[in-house]
$ cat protein00.csv   # CSV, C-alpha atoms
chain,number,residue,atom,x,y,z
A,431,MET,CA,-12.7,-39.0,-62.0
A,432,ASN,CA,-15.3,-37.5,-59.6
A,433,ARG,CA,-13.8,-35.3,-56.9
A,434,VAL,CA,-15.3,-35.2,-53.3
A,435,LEU,CA,-15.0,-32.6,-50.6
A,436,ILE,CA,-15.6,-33.7,-47.0
A,437,ILE,CA,-15.8,-31.0,-44.3
A,438,VAL,CA,-15.3,-31.9,-40.6
A,439,GLN,CA,-15.3,-29.4,-37.8
A,440,ASN,CA,-15.1,-31.2,-34.4
A,441,LEU,CA,-12.2,-33.6,-34.9
A,442,PRO,CA,-9.0,-33.8,-37.1
A,443,VAL,CA,-8.7,-36.4,-39.7
A,444,PRO,CA,-7.7,-39.3,-39.6
A,445,PHE,CA,-8.4,-39.1,-35.8
A,446,ASP,CA,-12.1,-39.0,-36.7
A,447,ARG,CA,-12.3,-42.8,-37.5
A,448,ARG,CA,-15.7,-42.6,-39.1
A,449,VAL,CA,-14.7,-40.0,-41.6
A,450,TRP,CA,-11.4,-41.8,-42.3
A,451,LEU,CA,-13.2,-45.0,-43.1
A,452,GLU,CA,-15.5,-43.0,-45.4
A,453,CYS,CA,-12.4,-41.5,-47.1
A,454,GLN,CA,-10.8,-44.8,-47.6
A,455,ALA,CA,-14.0,-46.3,-49.1
A,456,LEU,CA,-14.3,-43.5,-51.6
A,457,VAL,CA,-10.7,-43.6,-52.7
A,458,ALA,CA,-10.9,-47.4,-53.1
A,459,ASP,CA,-14.0,-46.8,-55.3
A,460,GLY,CA,-12.2,-44.5,-57.6
A,461,TYR,CA,-13.1,-41.0,-56.2
A,462,GLN,CA,-10.6,-38.2,-55.5
A,463,VAL,CA,-11.1,-37.0,-51.9
A,464,ALA,CA,-10.2,-33.8,-50.2
A,465,VAL,CA,-10.9,-33.1,-46.5
A,466,VAL,CA,-11.1,-29.8,-44.7
A,467,CYS,CA,-10.8,-30.1,-40.9
A,468,PRO,CA,-9.1,-28.6,-37.9
A,469,LYS,CA,-5.4,-29.4,-37.1
A,470,GLY,CA,-4.5,-31.9,-34.5
A,471,GLN,CA,-1.4,-31.3,-32.4
A,472,GLY,CA,1.7,-31.2,-34.7
A,473,ASP,CA,-0.4,-31.5,-37.9
A,474,PRO,CA,0.8,-29.7,-41.0
A,475,GLY,CA,-1.6,-27.3,-42.9
A,476,TYR,CA,-1.6,-29.6,-45.9
A,477,GLN,CA,-0.7,-33.2,-46.6
A,478,VAL,CA,-1.7,-36.1,-48.7
A,479,LEU,CA,-2.2,-39.3,-46.7
A,480,ASP,CA,-3.1,-42.6,-48.3
A,481,GLY,CA,-4.4,-40.7,-51.4
A,482,VAL,CA,-6.5,-38.2,-49.4
A,483,GLU,CA,-5.8,-34.5,-49.5
A,484,LEU,CA,-6.0,-33.0,-46.1
A,485,TYR,CA,-6.5,-29.2,-45.7
A,486,LYS,CA,-6.2,-28.2,-42.1
A,487,TYR,CA,-6.8,-24.9,-40.2
A,488,ARG,CA,-5.9,-23.8,-36.6
A,489,PRO,CA,-8.9,-24.7,-34.4
A,490,TYR,CA,-10.6,-22.3,-32.1
A,491,ALA,CA,-10.9,-23.6,-28.5
A,492,PRO,CA,-14.4,-22.8,-27.0
A,493,GLY,CA,-14.6,-21.6,-23.4
A,494,GLY,CA,-17.9,-23.4,-22.7
A,495,SER,CA,-20.2,-20.4,-22.7
A,496,LYS,CA,-23.0,-19.9,-25.3
A,497,LEU,CA,-21.1,-16.9,-26.8
A,498,SER,CA,-17.9,-18.9,-27.1
A,499,PHE,CA,-19.7,-21.5,-29.2
A,500,VAL,CA,-21.0,-18.8,-31.6
A,501,THR,CA,-17.5,-17.5,-31.9
A,502,GLU,CA,-16.2,-21.0,-32.6
A,503,TYR,CA,-18.8,-21.7,-35.2
A,504,ALA,CA,-18.1,-18.4,-37.0
A,505,TRP,CA,-14.3,-19.1,-37.0
A,506,SER,CA,-14.8,-22.6,-38.2
A,507,PHE,CA,-17.1,-21.5,-41.0
A,508,LEU,CA,-14.7,-18.9,-42.3
A,509,ALA,CA,-11.6,-21.1,-42.0
A,510,SER,CA,-13.4,-24.0,-43.7
A,511,ALA,CA,-14.6,-21.7,-46.5
A,512,TRP,CA,-11.0,-20.5,-47.1
A,513,GLN,CA,-9.7,-24.1,-47.1
A,514,THR,CA,-12.5,-25.2,-49.4
A,515,PHE,CA,-11.6,-22.7,-52.1
A,516,LYS,CA,-8.0,-23.6,-51.7
A,517,ALA,CA,-8.9,-27.2,-52.4
A,518,ARG,CA,-11.1,-26.2,-55.3
A,519,ARG,CA,-8.1,-24.9,-57.2
A,520,ARG,CA,-7.0,-28.5,-57.8
A,521,GLY,CA,-10.4,-29.3,-59.3
A,522,ARG,CA,-14.1,-28.8,-58.9
A,523,PHE,CA,-16.2,-31.0,-56.6
A,524,ALA,CA,-18.9,-33.4,-57.8
A,525,VAL,CA,-20.1,-33.9,-54.2
A,526,MET,CA,-19.6,-31.9,-50.9
A,527,GLN,CA,-20.1,-33.9,-47.7
A,528,ALA,CA,-20.5,-31.9,-44.5
A,529,CYS,CA,-20.2,-33.7,-41.1
A,530,ASN,CA,-21.7,-32.2,-38.0
A,531,PRO,CA,-21.6,-30.7,-35.4
A,532,PRO,CA,-22.1,-27.9,-36.1
A,533,ASP,CA,-24.9,-27.5,-38.7
A,534,ILE,CA,-23.4,-24.5,-40.4
A,535,PHE,CA,-21.9,-25.6,-43.7
A,536,TRP,CA,-25.1,-25.6,-45.9
A,537,PRO,CA,-24.4,-22.1,-47.2
A,538,LEU,CA,-21.1,-23.4,-48.6
A,539,ALA,CA,-23.0,-26.2,-50.3
A,540,LEU,CA,-25.3,-23.6,-51.9
A,541,ILE,CA,-22.3,-21.7,-53.2
A,542,LEU,CA,-20.7,-24.8,-54.7
A,543,ARG,CA,-24.0,-25.9,-56.1
A,544,ALA,CA,-24.3,-22.5,-57.9
A,545,LEU,CA,-20.8,-22.6,-59.2
A,546,ASP,CA,-20.3,-26.2,-60.1
A,547,ARG,CA,-23.6,-28.0,-59.7
A,548,THR,CA,-22.0,-29.8,-56.7
A,549,ARG,CA,-24.3,-32.2,-54.9
A,550,PHE,CA,-24.6,-32.0,-51.1
A,551,VAL,CA,-24.4,-34.9,-48.7
A,552,PHE,CA,-25.1,-34.3,-45.0
A,553,ASP,CA,-23.4,-36.8,-42.7
A,554,HIS,CA,-25.4,-36.5,-39.5
A,555,HIS,CA,-23.1,-37.3,-36.6
A,556,ASP,CA,-24.8,-35.4,-33.7
A,557,LEU,CA,-28.1,-33.8,-32.9
A,558,CYS,CA,-27.0,-30.2,-32.3
A,559,PRO,CA,-30.3,-29.1,-30.6
A,560,GLU,CA,-30.1,-32.0,-28.2
A,561,LEU,CA,-26.4,-31.4,-27.7
A,562,PHE,CA,-27.3,-27.8,-26.6
A,563,GLN,CA,-30.1,-29.2,-24.3
A,564,SER,CA,-27.6,-31.5,-22.7
A,565,ARG,CA,-25.1,-28.7,-22.0
A,566,PHE,CA,-27.6,-26.0,-21.1
A,567,PRO,CA,-30.8,-27.8,-19.8
A,568,GLU,CA,-32.3,-24.6,-18.5
A,569,ALA,CA,-32.3,-23.0,-22.0
A,570,THR,CA,-34.5,-25.5,-23.9
A,571,GLU,CA,-36.8,-22.9,-25.4
A,572,SER,CA,-34.3,-20.2,-25.7
A,573,LEU,CA,-33.4,-18.3,-28.9
A,574,PRO,CA,-30.1,-20.2,-29.3
A,575,TYR,CA,-32.0,-23.5,-29.1
A,576,ARG,CA,-34.5,-22.4,-31.7
A,577,GLY,CA,-31.7,-21.2,-33.9
A,578,LEU,CA,-30.0,-24.6,-33.7
A,579,LEU,CA,-33.3,-26.2,-34.8
A,580,ALA,CA,-33.5,-23.8,-37.7
A,581,LEU,CA,-29.9,-24.6,-38.8
A,582,GLU,CA,-30.5,-28.3,-38.6
A,583,ARG,CA,-33.7,-27.9,-40.7
A,584,ALA,CA,-31.8,-25.8,-43.3
A,585,THR,CA,-29.0,-28.4,-43.5
A,586,HIS,CA,-31.4,-31.2,-44.0
A,587,ARG,CA,-33.4,-29.4,-46.6
A,588,THR,CA,-30.4,-28.2,-48.5
A,589,ALA,CA,-28.9,-31.7,-48.7
A,590,ASP,CA,-29.5,-33.9,-51.7
A,591,HIS,CA,-29.0,-36.9,-49.4
A,592,VAL,CA,-28.7,-37.3,-45.6
A,593,ILE,CA,-26.6,-40.0,-44.1
A,594,SER,CA,-27.8,-40.9,-40.5
A,595,THR,CA,-25.7,-42.8,-38.0
A,596,ASN,CA,-28.8,-44.7,-36.7
A,597,ASP,CA,-32.5,-45.1,-37.0
A,598,SER,CA,-33.3,-42.5,-34.3
A,599,TYR,CA,-31.3,-39.8,-36.3
A,600,ARG,CA,-33.1,-40.9,-39.5
A,601,GLN,CA,-36.4,-40.3,-38.0
A,602,VAL,CA,-35.3,-36.8,-37.0
A,603,ALA,CA,-34.4,-36.0,-40.6
A,604,ILE,CA,-37.8,-37.3,-41.8
A,605,ARG,CA,-40.2,-36.1,-39.0
A,606,ARG,CA,-38.5,-32.9,-37.8
A,607,SER,CA,-37.1,-31.6,-41.1
A,608,GLY,CA,-39.4,-33.2,-43.7
A,609,LYS,CA,-36.9,-35.2,-45.7
A,610,ARG,CA,-38.3,-37.9,-48.0
A,611,PRO,CA,-37.5,-41.4,-46.5
A,612,ALA,CA,-35.8,-42.3,-49.8
A,613,ASP,CA,-33.3,-39.4,-49.3
A,614,VAL,CA,-32.1,-40.6,-45.9
A,615,THR,CA,-29.8,-43.6,-45.5
A,616,VAL,CA,-28.5,-45.2,-42.3
A,617,VAL,CA,-24.8,-45.8,-42.3
A,618,ARG,CA,-23.6,-46.9,-38.8
A,619,THR,CA,-20.0,-46.2,-37.6
A,620,GLY,CA,-19.0,-49.8,-37.6
A,621,PRO,CA,-15.5,-50.7,-36.4
A,622,ASP,CA,-13.1,-52.6,-38.7
A,623,PRO,CA,-12.8,-56.0,-37.1
A,624,ASP,CA,-9.6,-56.8,-39.0
A,625,ARG,CA,-7.8,-53.8,-37.5
A,626,LEU,CA,-9.5,-53.8,-34.1
A,627,ARG,CA,-8.8,-57.2,-32.7
A,628,ARG,CA,-7.7,-58.4,-29.3
A,629,GLY,CA,-4.0,-59.3,-29.2
A,630,ALA,CA,-1.6,-60.4,-26.5
A,631,PRO,CA,-2.0,-58.6,-23.2
A,632,HIS,CA,0.6,-56.2,-21.8
A,633,PRO,CA,0.5,-56.8,-18.0
A,634,GLU,CA,2.7,-53.8,-17.3
A,635,LEU,CA,-0.2,-51.6,-18.4
A,636,ARG,CA,-2.2,-52.7,-15.4
A,637,ARG,CA,0.4,-50.8,-13.3
A,638,GLY,CA,0.8,-53.6,-10.7
A,639,ARG,CA,-3.0,-54.4,-10.3
A,640,PRO,CA,-4.8,-57.6,-11.3
A,641,HIS,CA,-7.5,-55.9,-13.3
A,642,LEU,CA,-7.9,-53.0,-15.7
A,643,ALA,CA,-11.0,-50.9,-16.8
A,644,ALA,CA,-10.5,-48.8,-19.9
A,645,TYR,CA,-12.3,-45.8,-21.4
A,646,ILE,CA,-11.6,-44.4,-24.9
A,647,GLY,CA,-13.3,-41.4,-26.4
A,648,VAL,CA,-14.0,-37.7,-26.2
A,649,MET,CA,-13.9,-36.0,-22.8
A,650,GLY,CA,-16.6,-33.3,-23.1
A,651,PRO,CA,-19.3,-32.2,-20.7
A,652,GLN,CA,-21.9,-34.7,-22.0
A,653,ASP,CA,-19.5,-37.8,-22.2
A,654,GLY,CA,-19.7,-38.8,-18.6
A,655,VAL,CA,-16.0,-39.3,-17.9
A,656,ASP,CA,-16.5,-37.6,-14.6
A,657,ILE,CA,-18.8,-40.5,-13.7
A,658,VAL,CA,-15.9,-42.9,-14.3
A,659,VAL,CA,-13.7,-40.9,-12.0
A,660,ARG,CA,-16.4,-40.7,-9.3
A,661,ALA,CA,-17.1,-44.4,-9.7
A,662,ALA,CA,-13.4,-45.2,-9.3
A,663,GLY,CA,-13.6,-43.2,-6.0
A,664,VAL,CA,-16.6,-45.3,-4.8
A,665,ILE,CA,-14.7,-48.5,-5.8
A,666,VAL,CA,-11.5,-47.5,-4.0
A,667,HIS,CA,-12.6,-45.5,-1.0
A,668,GLU,CA,-16.1,-47.0,-0.3
A,669,LEU,CA,-15.8,-50.6,-1.5
A,670,GLY,CA,-12.1,-50.9,-0.5
A,671,ARG,CA,-11.0,-52.4,-3.8
A,672,GLU,CA,-7.3,-51.8,-4.6
A,673,ASP,CA,-7.2,-54.4,-7.3
A,674,ILE,CA,-8.7,-52.4,-10.2
A,675,GLY,CA,-6.8,-49.8,-12.3
A,676,PHE,CA,-8.5,-47.3,-14.7
A,677,THR,CA,-6.9,-46.1,-17.9
A,678,LEU,CA,-8.7,-43.3,-19.7
A,679,ILE,CA,-7.7,-42.5,-23.3
A,680,GLY,CA,-8.7,-39.3,-25.1
A,681,SER,CA,-9.0,-35.6,-24.7
A,682,GLY,CA,-11.6,-32.8,-24.8
A,683,ASP,CA,-12.9,-29.7,-23.3
A,684,CYS,CA,-13.1,-31.2,-19.8
A,685,PHE,CA,-9.7,-32.9,-19.7
A,686,ASP,CA,-8.1,-30.6,-17.2
A,687,GLU,CA,-11.2,-30.6,-15.0
A,688,LEU,CA,-11.2,-34.4,-15.0
A,689,VAL,CA,-7.5,-34.6,-14.0
A,690,ALA,CA,-8.2,-32.1,-11.2
A,691,LEU,CA,-11.2,-34.2,-10.0
A,692,ARG,CA,-9.1,-37.3,-9.9
A,693,ASP,CA,-6.5,-35.6,-7.9
A,694,ARG,CA,-9.1,-34.1,-5.5
A,695,LEU,CA,-10.5,-37.6,-4.9
A,696,GLY,CA,-7.0,-39.0,-4.2
A,697,LEU,CA,-7.0,-41.4,-7.1
A,698,GLU,CA,-3.7,-40.5,-8.7
A,699,GLU,CA,-2.4,-44.1,-8.3
A,700,HIS,CA,-5.6,-45.7,-9.5
A,701,VAL,CA,-6.7,-43.6,-12.5
A,702,GLU,CA,-4.4,-42.8,-15.5
A,703,PHE,CA,-5.1,-40.2,-18.2
A,704,THR,CA,-3.1,-40.9,-21.4
A,705,GLY,CA,-4.5,-38.1,-23.5
A,706,ARG,CA,-4.8,-38.9,-27.2
A,707,ALA,CA,-2.8,-42.1,-27.8
A,708,PRO,CA,-1.4,-43.7,-30.9
A,709,ASP,CA,-3.2,-46.7,-32.3
A,710,GLU,CA,-0.5,-49.1,-31.2
A,711,LEU,CA,-0.9,-48.1,-27.5
A,712,VAL,CA,-4.7,-48.1,-27.8
A,713,GLY,CA,-4.6,-51.7,-29.1
A,714,GLN,CA,-2.3,-52.7,-26.3
A,715,ILE,CA,-4.6,-51.2,-23.6
A,716,MET,CA,-7.7,-52.7,-25.1
A,717,SER,CA,-6.0,-56.1,-25.3
A,718,THR,CA,-5.1,-55.9,-21.7
A,719,ALA,CA,-8.3,-54.4,-20.2
A,720,ASP,CA,-11.0,-56.6,-18.5
A,721,VAL,CA,-13.9,-54.2,-19.2
A,722,GLY,CA,-14.7,-51.3,-21.4
A,723,LEU,CA,-16.5,-48.2,-20.0
A,724,SER,CA,-19.4,-46.4,-21.7
A,725,PRO,CA,-20.4,-43.9,-19.0
A,726,ASP,CA,-22.5,-41.7,-21.3
A,727,PRO,CA,-25.3,-40.3,-19.0
A,728,LYS,CA,-28.9,-40.3,-20.1
A,729,ASN,CA,-29.8,-36.9,-21.7
A,730,PRO,CA,-31.7,-35.9,-24.8
A,731,LEU,CA,-28.6,-36.4,-27.0
A,732,ASN,CA,-27.0,-39.5,-25.6
A,733,ASP,CA,-30.2,-41.6,-25.4
A,734,VAL,CA,-30.6,-41.5,-29.2
A,735,SER,CA,-26.9,-41.5,-30.2
A,736,THR,CA,-24.7,-44.4,-31.2
A,737,MET,CA,-21.4,-44.5,-29.2
A,738,ASN,CA,-18.4,-45.5,-31.3
A,739,LYS,CA,-16.4,-46.5,-28.2
A,740,THR,CA,-19.0,-49.1,-27.3
A,741,MET,CA,-18.6,-50.9,-30.6
A,742,GLU,CA,-14.8,-50.6,-30.4
A,743,TYR,CA,-14.8,-52.3,-27.0
A,744,MET,CA,-16.9,-55.1,-28.6
A,745,ALA,CA,-14.4,-55.5,-31.4
A,746,PHE,CA,-11.7,-56.1,-28.8
A,747,GLU,CA,-14.0,-58.7,-27.1
A,748,LEU,CA,-14.3,-56.4,-24.0
A,749,PRO,CA,-17.6,-56.6,-22.0
A,750,VAL,CA,-19.2,-53.2,-21.7
A,751,VAL,CA,-20.5,-51.4,-18.7
A,752,ALA,CA,-23.0,-48.8,-19.8
A,753,PHE,CA,-26.1,-46.9,-18.7
A,754,ASP,CA,-29.4,-48.1,-20.1
A,755,LEU,CA,-29.8,-45.9,-23.1
A,756,ARG,CA,-32.0,-46.6,-26.2
A,757,GLU,CA,-29.3,-46.6,-28.9
A,758,THR,CA,-26.6,-48.1,-26.7
A,759,ARG,CA,-28.9,-51.2,-26.3
A,760,VAL,CA,-29.3,-51.3,-30.1
A,761,SER,CA,-25.5,-51.4,-30.5
A,762,ALA,CA,-24.4,-53.6,-27.6
A,763,ALA,CA,-27.6,-55.7,-27.1
A,764,ASP,CA,-26.5,-58.6,-24.8
A,765,ALA,CA,-22.8,-57.8,-24.9
A,766,ALA,CA,-23.1,-55.2,-22.0
A,767,VAL,CA,-24.1,-54.8,-18.4
A,768,TYR,CA,-26.5,-51.9,-18.0
A,769,ALA,CA,-26.8,-49.7,-14.9
A,770,THR,CA,-29.6,-47.3,-14.0
A,771,PRO,CA,-28.9,-44.1,-15.9
A,772,ASN,CA,-26.7,-41.5,-14.2
A,773,ASP,CA,-26.4,-43.5,-10.9
A,774,VAL,CA,-22.6,-43.3,-10.0
A,775,ARG,CA,-22.8,-45.9,-7.3
A,776,GLU,CA,-24.7,-48.4,-9.3
A,777,TYR,CA,-22.2,-47.9,-12.2
A,778,ALA,CA,-19.4,-48.6,-9.8
A,779,LYS,CA,-21.0,-51.7,-8.5
A,780,ALA,CA,-21.7,-52.9,-12.0
A,781,ILE,CA,-17.9,-52.6,-12.8
A,782,VAL,CA,-17.0,-54.6,-9.7
A,783,THR,CA,-19.6,-57.3,-10.3
A,784,LEU,CA,-18.3,-57.8,-13.8
A,785,ILE,CA,-14.7,-57.8,-12.8
A,786,ASP,CA,-15.4,-60.5,-10.2
A,787,ASP,CA,-17.2,-62.8,-12.8
A,788,GLU,CA,-14.6,-64.0,-15.3
A,789,THR,CA,-17.1,-66.3,-17.0
A,790,GLN,CA,-19.6,-63.6,-17.6
A,791,ARG,CA,-16.9,-61.3,-19.0
A,792,ALA,CA,-15.8,-64.0,-21.5
A,793,GLN,CA,-19.4,-64.6,-22.6
A,794,LEU,CA,-20.2,-60.9,-23.1
A,795,GLY,CA,-16.9,-60.4,-24.9
A,796,LYS,CA,-17.6,-63.2,-27.4
A,797,ARG,CA,-21.1,-61.9,-28.0
A,798,GLY,CA,-19.8,-58.4,-28.7
A,799,ARG,CA,-17.2,-59.6,-31.1
A,800,ALA,CA,-19.8,-61.7,-33.0
A,801,ARG,CA,-22.1,-58.8,-33.3
A,802,VAL,CA,-19.3,-56.7,-34.8
A,803,GLU,CA,-18.3,-59.4,-37.3
A,804,GLN,CA,-21.9,-60.3,-38.3
A,805,GLU,CA,-23.8,-57.0,-38.2
A,806,LEU,CA,-21.9,-53.9,-37.1
A,807,ALA,CA,-18.6,-54.0,-39.0
A,808,TRP,CA,-17.8,-51.2,-41.4
A,809,ASN,CA,-17.8,-53.7,-44.3
A,810,HIS,CA,-21.5,-54.1,-43.8
A,811,GLN,CA,-22.0,-50.3,-43.7
A,812,ARG,CA,-19.6,-49.4,-46.5
A,813,ARG,CA,-21.9,-50.6,-49.3
A,814,ALA,CA,-24.8,-48.4,-48.2
A,815,TYR,CA,-22.4,-45.4,-48.0
A,816,LEU,CA,-21.0,-45.9,-51.5
A,817,ASP,CA,-24.5,-46.5,-52.9
A,818,VAL,CA,-25.3,-42.9,-51.9
A,819,TYR,CA,-22.4,-41.6,-53.9
A,820,ARG,CA,-23.0,-43.7,-56.9
A,821,ARG,CA,-26.6,-42.5,-57.0
A,822,LEU,CA,-25.6,-38.9,-56.8
A,823,THR,CA,-22.7,-39.1,-59.3
A,824,CYS,CA,-24.3,-41.8,-61.6
A,825,ALA,CA,-21.2,-43.9,-61.1
A,826,GLU,CA,-23.1,-47.2,-61.0
$ encode --input "protein00.csv" --output "structure tokens"
Amino acid sequence: MNRVLIIVQNLPVPFDRRVWLECQALVADGYQVAVVCPKGQGDPGYQVLDGVELYKYRPYAPGGSKLSFVTEYAWSFLASAWQTFKARRRGRFAVMQACNPPDIFWPLALILRALDRTRFVFDHHDLCPELFQSRFPEATESLPYRGLLALERATHRTADHVISTNDSYRQVAIRRSGKRPADVTVVRTGPDPDRLRRGAPHPELRRGRPHLAAYIGVMGPQDGVDIVVRAAGVIVHELGREDIGFTLIGSGDCFDELVALRDRLGLEEHVEFTGRAPDELVGQIMSTADVGLSPDPKNPLNDVSTMNKTMEYMAFELPVVAFDLRETRVSAADAAVYATPNDVREYAKAIVTLIDDETQRAQLGKRGRARVEQELAWNHQRRAYLDVYRRLTCAE
């Protein structure tokens, strides 16, 4: 039986839904799967979950500076290498899959290739140079930026096969790193429509208000959650709307800052932060909400990135309020209302307009669910993902 190693740095598994879907697909197809990733809160260092071996290390929390990211990457590489060779004691790996960010695990792939002839799959989740540009726009031509381009190129060129989350990322692998088109496959992060399905509403989650707007996802500098909080301020204080509550699910580097911003704007009764929530509560909130919020601002990263939360809203038949970004339009198409990028007031007005139009909400929600079932669902992506592994392991 072929053994597969998957390395993830930025999220624990199974909280990383894309990686967990990949793991389940591989196990169902007869592979043995081991995952190296950081610990989530309360996670053990080692466990076997649904047939997947999980090797976890204590994460390093970055401080937001360029130096802190270098330190985080160094710690993650060393911790991942240690856990990799612990996992290897149970059997050699036919394939190693590295998920980014960051683009630092190709040396491990070279070592395993030399030791065991392990093939290397790069699962390209984020554009690290564009992520750096988005966080430090003044440092576009700096040494760190050029270093990230070099790491990306080395990762692509070391990989036997690259998996891209959308066509924009596929073109980066081909044009910027010189990969052959035949060695780059698009596998979107499609939601599971059987698991993510609108259920009965839970009116108590509206906290006494007629309407609820929901956000789920990471809360980092580039995710635009501050825009949601500021838009809530416009809705409450400028438009005088007391009938809309906001529930924001997730965590990240900016969580404490966002809570402080909410409190500073006097929105404690209107905006709730749940932190990371169990699946049951997420399902209840999504089944109760009237709109899903995708506030990702336009920047070099977000414009060409596929947002998982957008497709999850669509699976729950939630109409989406988003900024007009290239890949967001590819995902949501006519299941969303689009605001001028980065305009807080227009985003706030788009939320209110959609809340006030029940017919449009229902139409957009049905379109989104249909797109998930017919095009975006993981079942449609799973085949392409497994084809990559069958090609590399000759397991046709």
$ atom_distance --input "protein00.csv" --atom1 "CA of Asp459 (chain A)" --atom2 "CA of Val802 (chain A)"
23.4 Å
$ atom_distance --input "protein00.csv" --atom1 "CA of Arg618 (chain A)" --atom2 "CA of Gln790 (chain A)"
27.3 Å
$ atom_distance --input "protein00.csv" --atom1 "CA of Asp553 (chain A)" --atom2 "CA of Arg797 (chain A)"
29.2 Å
$ residues_around --input "protein00.csv" --residues "Val818 (chain A)" --least-positions-apart "5" --cutoff "10 Å" --atoms "only C-alpha atoms" --output "number ranges by chain"
A: 551, 590-593, 613-615, 813, 823-824
$ closest_residue --input "protein00.csv" --among "A:Ile534, A:Val465, A:Val449, A:Leu669" --to "Glu502 (chain A)" --atoms "all atoms listed in the file"
A:Ile534
$ residues_around --input "protein00.csv" --residues "Ser681 (chain A)" --least-positions-apart "6" --cutoff "7 Å" --atoms "all atoms listed in the file" --output "PyMOL selection string"
chain A and resi 648-649+705-706
$ residues_near_point --input "protein00.csv" --point "(-9.8, -50.2, -7.2)" --cutoff "12 Å" --atoms "all atoms listed in the file" --output "VMD selection string"
chain A and resid 636 to 643 658 to 677 696 to 701 778 to 779 781 to 782 785
$ closest_residue --input "protein00.csv" --among "A:Pro621, A:Gly608, A:Pro567, A:Pro749" --to "Glu452 (chain A)" --atoms "all atoms listed in the file"
A:Pro621
$ build_atoms --input "protein00.csv" --residues "region 441-457 of chain A" --atoms "N, CA and C atoms" --output "compact mmCIF listing (two decimals), keeping the file's coordinate frame"
# COMPACT_ATOMS: atom_id res chain seq x y z
N LEU A 441 -13.35 -32.73 -35.15
CA LEU A 441 -12.20 -33.60 -34.90
C LEU A 441 -11.27 -33.51 -36.14
N PRO A 442 -9.96 -33.65 -35.92
CA PRO A 442 -9.00 -33.80 -37.10
C PRO A 442 -9.16 -35.13 -37.71
N VAL A 443 -8.78 -35.20 -38.96
CA VAL A 443 -8.70 -36.40 -39.70
C VAL A 443 -7.28 -36.79 -39.95
N PRO A 444 -6.86 -38.06 -39.73
CA PRO A 444 -7.70 -39.30 -39.60
C PRO A 444 -8.10 -39.66 -38.22
N PHE A 445 -7.93 -38.79 -37.20
CA PHE A 445 -8.40 -39.10 -35.80
C PHE A 445 -9.85 -39.43 -35.79
N ASP A 446 -10.65 -38.73 -36.61
CA ASP A 446 -12.10 -39.00 -36.70
C ASP A 446 -12.19 -40.34 -37.52
N ARG A 447 -12.40 -41.44 -36.83
CA ARG A 447 -12.30 -42.80 -37.50
C ARG A 447 -13.44 -42.96 -38.48
N ARG A 448 -14.65 -42.46 -38.19
CA ARG A 448 -15.70 -42.60 -39.10
C ARG A 448 -15.40 -41.97 -40.47
N VAL A 449 -14.95 -40.73 -40.40
CA VAL A 449 -14.70 -40.00 -41.60
C VAL A 449 -13.49 -40.64 -42.37
N TRP A 450 -12.52 -41.14 -41.62
CA TRP A 450 -11.40 -41.80 -42.30
C TRP A 450 -11.81 -43.05 -43.01
N LEU A 451 -12.69 -43.83 -42.41
CA LEU A 451 -13.20 -45.00 -43.10
C LEU A 451 -13.97 -44.62 -44.36
N GLU A 452 -14.74 -43.53 -44.27
CA GLU A 452 -15.50 -43.00 -45.40
C GLU A 452 -14.48 -42.62 -46.54
N CYS A 453 -13.43 -41.90 -46.15
CA CYS A 453 -12.40 -41.50 -47.10
C CYS A 453 -11.79 -42.67 -47.84
N GLN A 454 -11.42 -43.67 -47.05
CA GLN A 454 -10.80 -44.80 -47.60
C GLN A 454 -11.72 -45.59 -48.57
N ALA A 455 -13.02 -45.65 -48.19
CA ALA A 455 -14.00 -46.30 -49.10
C ALA A 455 -14.13 -45.57 -50.38
N LEU A 456 -14.17 -44.25 -50.33
CA LEU A 456 -14.30 -43.50 -51.60
C LEU A 456 -13.09 -43.59 -52.45
N VAL A 457 -11.90 -43.51 -51.86
CA VAL A 457 -10.70 -43.60 -52.70
C VAL A 457 -10.62 -45.00 -53.32
